[in-house]
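Quick look at coords-v7.cif (mmCIF, C-alpha atoms):
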```
data_query
loop_
_atom_site.group_PDB
_atom_site.id
_atom_site.type_symbol
_atom_site.label_atom_id
_atom_site.label_comp_id
_atom_site.auth_asym_id
_atom_site.auth_seq_id
_atom_site.Cartn_x
_atom_site.Cartn_y
_atom_site.Cartn_z
ATOM 1 C CA MET A 274 11.699 8.256 9.262
ATOM 2 C CA ALA A 275 9.189 8.742 6.473
ATOM 3 C CA THR A 276 5.519 8.425 7.220
ATOM 4 C CA VAL A 277 2.783 7.003 5.068
ATOM 5 C CA SER A 278 0.337 9.179 6.924
ATOM 6 C CA ASP A 279 -0.076 10.540 10.402
ATOM 7 C CA ARG A 280 -1.023 7.020 11.422
ATOM 8 C CA VAL A 281 1.583 4.691 9.927
ATOM 9 C CA GLU A 282 5.382 4.824 9.496
ATOM 10 C CA ALA A 283 6.751 3.621 6.148
ATOM 11 C CA VAL A 284 8.699 0.745 7.727
ATOM 12 C CA GLU A 285 5.587 -0.400 9.585
ATOM 13 C CA ALA A 286 3.522 -0.109 6.394
ATOM 14 C CA TRP A 287 5.976 -2.235 4.414
ATOM 15 C CA ALA A 288 5.959 -4.869 7.175
ATOM 16 C CA ALA A 289 2.138 -4.908 6.985
ATOM 17 C CA VAL A 290 2.284 -5.443 3.207
ATOM 18 C CA VAL A 291 4.865 -8.233 3.456
ATOM 19 C CA GLY A 292 2.855 -9.896 6.240
ATOM 20 C CA ARG A 293 -0.507 -9.296 4.512
ATOM 21 C CA ASP A 294 -1.738 -7.869 7.803
ATOM 22 C CA PRO A 295 -5.502 -7.183 7.630
ATOM 23 C CA ARG A 296 -5.287 -4.917 10.693
ATOM 24 C CA PHE A 297 -3.873 -2.216 8.392
ATOM 25 C CA ASP A 298 -6.647 -2.385 5.784
ATOM 26 C CA GLY A 299 -8.335 1.007 5.732
ATOM 27 C CA ARG A 300 -5.300 2.773 7.200
ATOM 28 C CA PHE A 301 -3.388 3.027 3.912
ATOM 29 C CA VAL A 302 -3.038 1.508 0.450
ATOM 30 C CA TYR A 303 0.115 0.743 -1.476
ATOM 31 C CA ALA A 304 0.683 1.218 -5.175
ATOM 32 C CA VAL A 305 3.182 -0.461 -7.461
ATOM 33 C CA ARG A 306 4.903 1.806 -9.983
ATOM 34 C CA THR A 307 5.662 -1.013 -12.432
ATOM 35 C CA THR A 308 2.056 -2.234 -12.702
ATOM 36 C CA GLY A 309 0.056 0.965 -12.081
ATOM 37 C CA VAL A 310 -2.107 -0.848 -9.529
ATOM 38 C CA TYR A 311 -2.883 -0.106 -5.868
ATOM 39 C CA CYS A 312 -3.905 -2.637 -3.214
ATOM 40 C CA ARG A 313 -4.847 -2.906 0.440
ATOM 41 C CA PRO A 314 -2.156 -4.286 2.771
ATOM 42 C CA SER A 315 -3.788 -7.729 3.056
ATOM 43 C CA CYS A 316 -4.069 -8.238 -0.726
ATOM 44 C CA PRO A 317 -3.041 -11.789 -1.714
ATOM 45 C CA SER A 318 -1.259 -10.613 -4.871
ATOM 46 C CA ARG A 319 2.407 -11.320 -5.473
ATOM 47 C CA ARG A 320 4.642 -9.000 -3.435
ATOM 48 C CA PRO A 321 6.381 -6.261 -5.396
ATOM 49 C CA ALA A 322 9.947 -5.120 -4.879
ATOM 50 C CA ALA A 323 10.032 -2.507 -2.129
ATOM 51 C CA ALA A 324 11.708 -0.025 -4.488
ATOM 52 C CA ASN A 325 8.588 -0.052 -6.696
ATOM 53 C CA VAL A 326 6.086 0.673 -3.903
ATOM 54 C CA VAL A 327 4.440 3.995 -3.056
ATOM 55 C CA PHE A 328 2.148 4.401 -0.048
ATOM 56 C CA PHE A 329 -1.032 6.498 0.057
ATOM 57 C CA ASP A 330 -3.424 7.402 2.867
ATOM 58 C CA ASP A 331 -6.410 6.187 0.875
ATOM 59 C CA PRO A 332 -7.537 4.922 -2.549
ATOM 60 C CA THR A 333 -8.464 8.433 -3.680
ATOM 61 C CA GLY A 334 -4.858 9.570 -3.334
ATOM 62 C CA ALA A 335 -3.622 6.588 -5.318
ATOM 63 C CA GLU A 336 -6.183 7.200 -8.065
ATOM 64 C CA ARG A 337 -5.252 10.892 -8.263
ATOM 65 C CA ALA A 338 -1.654 9.784 -8.803
ATOM 66 C CA GLY A 339 -2.748 7.626 -11.751
ATOM 67 C CA PHE A 340 -3.044 4.173 -10.166
ATOM 68 C CA ARG A 341 -6.031 1.847 -10.579
ATOM 69 C CA ALA A 342 -7.545 -0.546 -8.070
ATOM 70 C CA CYS A 343 -6.354 -4.134 -7.812
ATOM 71 C CA LYS A 344 -8.825 -6.730 -9.123
#
```
Spit out the file's structure as C-alpha coordinates when you get a sec.
Amino acid sequence: MATVSDRVEAVEAWAAVVGRDPRFDGRFVYAVRTTGVYCRPSCPSRRPAAANVVFFDDPTGAERAGFRACK
(Lines of atoms letter the chains of each structure in order from A and count residues from 1; the text may use other names and numbers.)
(Lines give C-alpha, C1' and ligand atoms only; values in the text may rest on other atoms or scores of the structure.)
Protein backbone atom coordinates (compact mmCIF):
# COMPACT_ATOMS: atom_id res chain seq x y z
CA MET A 1 0.00 0.00 0.00
CA ALA A 2 1.28 3.46 -0.83
CA THR A 3 2.20 5.81 1.96
CA VAL A 4 1.75 9.54 2.16
CA SER A 5 4.62 9.64 4.60
CA ASP A 6 6.05 7.45 7.29
CA ARG A 7 3.04 8.43 9.37
CA VAL A 8 -0.02 8.02 7.15
CA GLU A 9 -1.15 5.43 4.57
CA ALA A 10 -2.75 6.79 1.39
CA VAL A 11 -6.10 5.11 2.09
CA GLU A 12 -6.15 6.57 5.60
CA ALA A 13 -5.20 10.00 4.24
CA TRP A 14 -8.02 9.95 1.69
CA ALA A 15 -10.50 8.94 4.41
CA ALA A 16 -9.27 11.90 6.50
CA VAL A 17 -9.84 14.27 3.55
CA VAL A 18 -13.32 12.92 2.82
CA GLY A 19 -14.22 13.12 6.52
CA ARG A 20 -12.55 16.53 7.00
CA ASP A 21 -10.79 15.04 10.01
CA PRO A 22 -8.90 17.76 11.93
CA ARG A 23 -6.82 15.12 13.74
CA PHE A 24 -4.74 14.80 10.55
CA ASP A 25 -3.99 18.52 10.16
CA GLY A 26 -0.23 18.92 10.40
CA ARG A 27 0.43 15.31 9.42
CA PHE A 28 0.03 15.86 5.67
CA VAL A 29 -1.52 18.13 3.06
CA TYR A 30 -3.29 17.18 -0.14
CA ALA A 31 -3.04 18.92 -3.47
CA VAL A 32 -5.46 18.91 -6.38
CA ARG A 33 -3.89 18.61 -9.83
CA THR A 34 -6.81 20.29 -11.62
CA THR A 35 -6.77 23.45 -9.48
CA GLY A 36 -3.09 23.72 -8.48
CA VAL A 37 -4.08 24.22 -4.84
CA TYR A 38 -3.12 22.34 -1.66
CA CYS A 39 -5.16 22.11 1.54
CA ARG A 40 -5.09 20.62 5.01
CA PRO A 41 -7.28 17.54 5.56
CA SER A 42 -9.99 19.46 7.45
CA CYS A 43 -10.39 22.14 4.74
CA PRO A 44 -14.08 22.90 4.10
CA SER A 45 -13.57 23.23 0.34
CA ARG A 46 -15.45 21.06 -2.13
CA ARG A 47 -13.99 17.54 -2.31
CA PRO A 48 -11.98 16.76 -5.43
CA ALA A 49 -12.08 13.50 -7.33
CA ALA A 50 -9.64 11.06 -5.76
CA ALA A 51 -7.85 10.63 -9.10
CA ASN A 52 -6.85 14.32 -9.01
CA VAL A 53 -5.34 14.26 -5.51
CA VAL A 54 -1.66 14.10 -4.57
CA PHE A 55 -0.51 13.84 -0.95
CA PHE A 56 2.52 15.60 0.55
CA ASP A 57 4.17 15.40 3.97
CA ASP A 58 4.01 19.16 4.39
CA PRO A 59 3.18 22.44 2.62
CA THR A 60 6.79 22.92 1.55
CA GLY A 61 6.68 19.74 -0.52
CA ALA A 62 3.45 20.82 -2.18
CA GLU A 63 4.86 24.26 -2.97
CA ARG A 64 8.04 22.74 -4.43
CA ALA A 65 5.81 20.69 -6.73
CA GLY A 66 4.12 23.88 -7.96
CA PHE A 67 0.97 24.01 -5.83
CA ARG A 68 -0.24 27.08 -3.94
CA ALA A 69 -2.00 27.27 -0.59
CA CYS A 70 -5.78 27.16 -0.34
CA LYS A 71 -7.41 30.47 0.61
| request: Excluding segment 323-329 of chain A and residues on its chain fewer than 6 positions from it, collect all residues at most 7 Å away from it, counting all atoms listed in the file, and give them as a VMD selection string. | output: chain A and resid 277 301 to 307 335
| query | What residues come out when you apply the PyMOL selection byres ((chain A and resi 315) around 9) to this file, written as a PyMOL selection string? | reply | chain A and resi 289-298+312-314+316-318
| remark: From atom CA of Val281 of chain A to atom CA of Tyr311 of chain A the spacing works out at 17.1 Å
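We find atom CA of Ala342 of chain A and atom CA of Trp287 of chain A to be spaced 18.5 Å apart.
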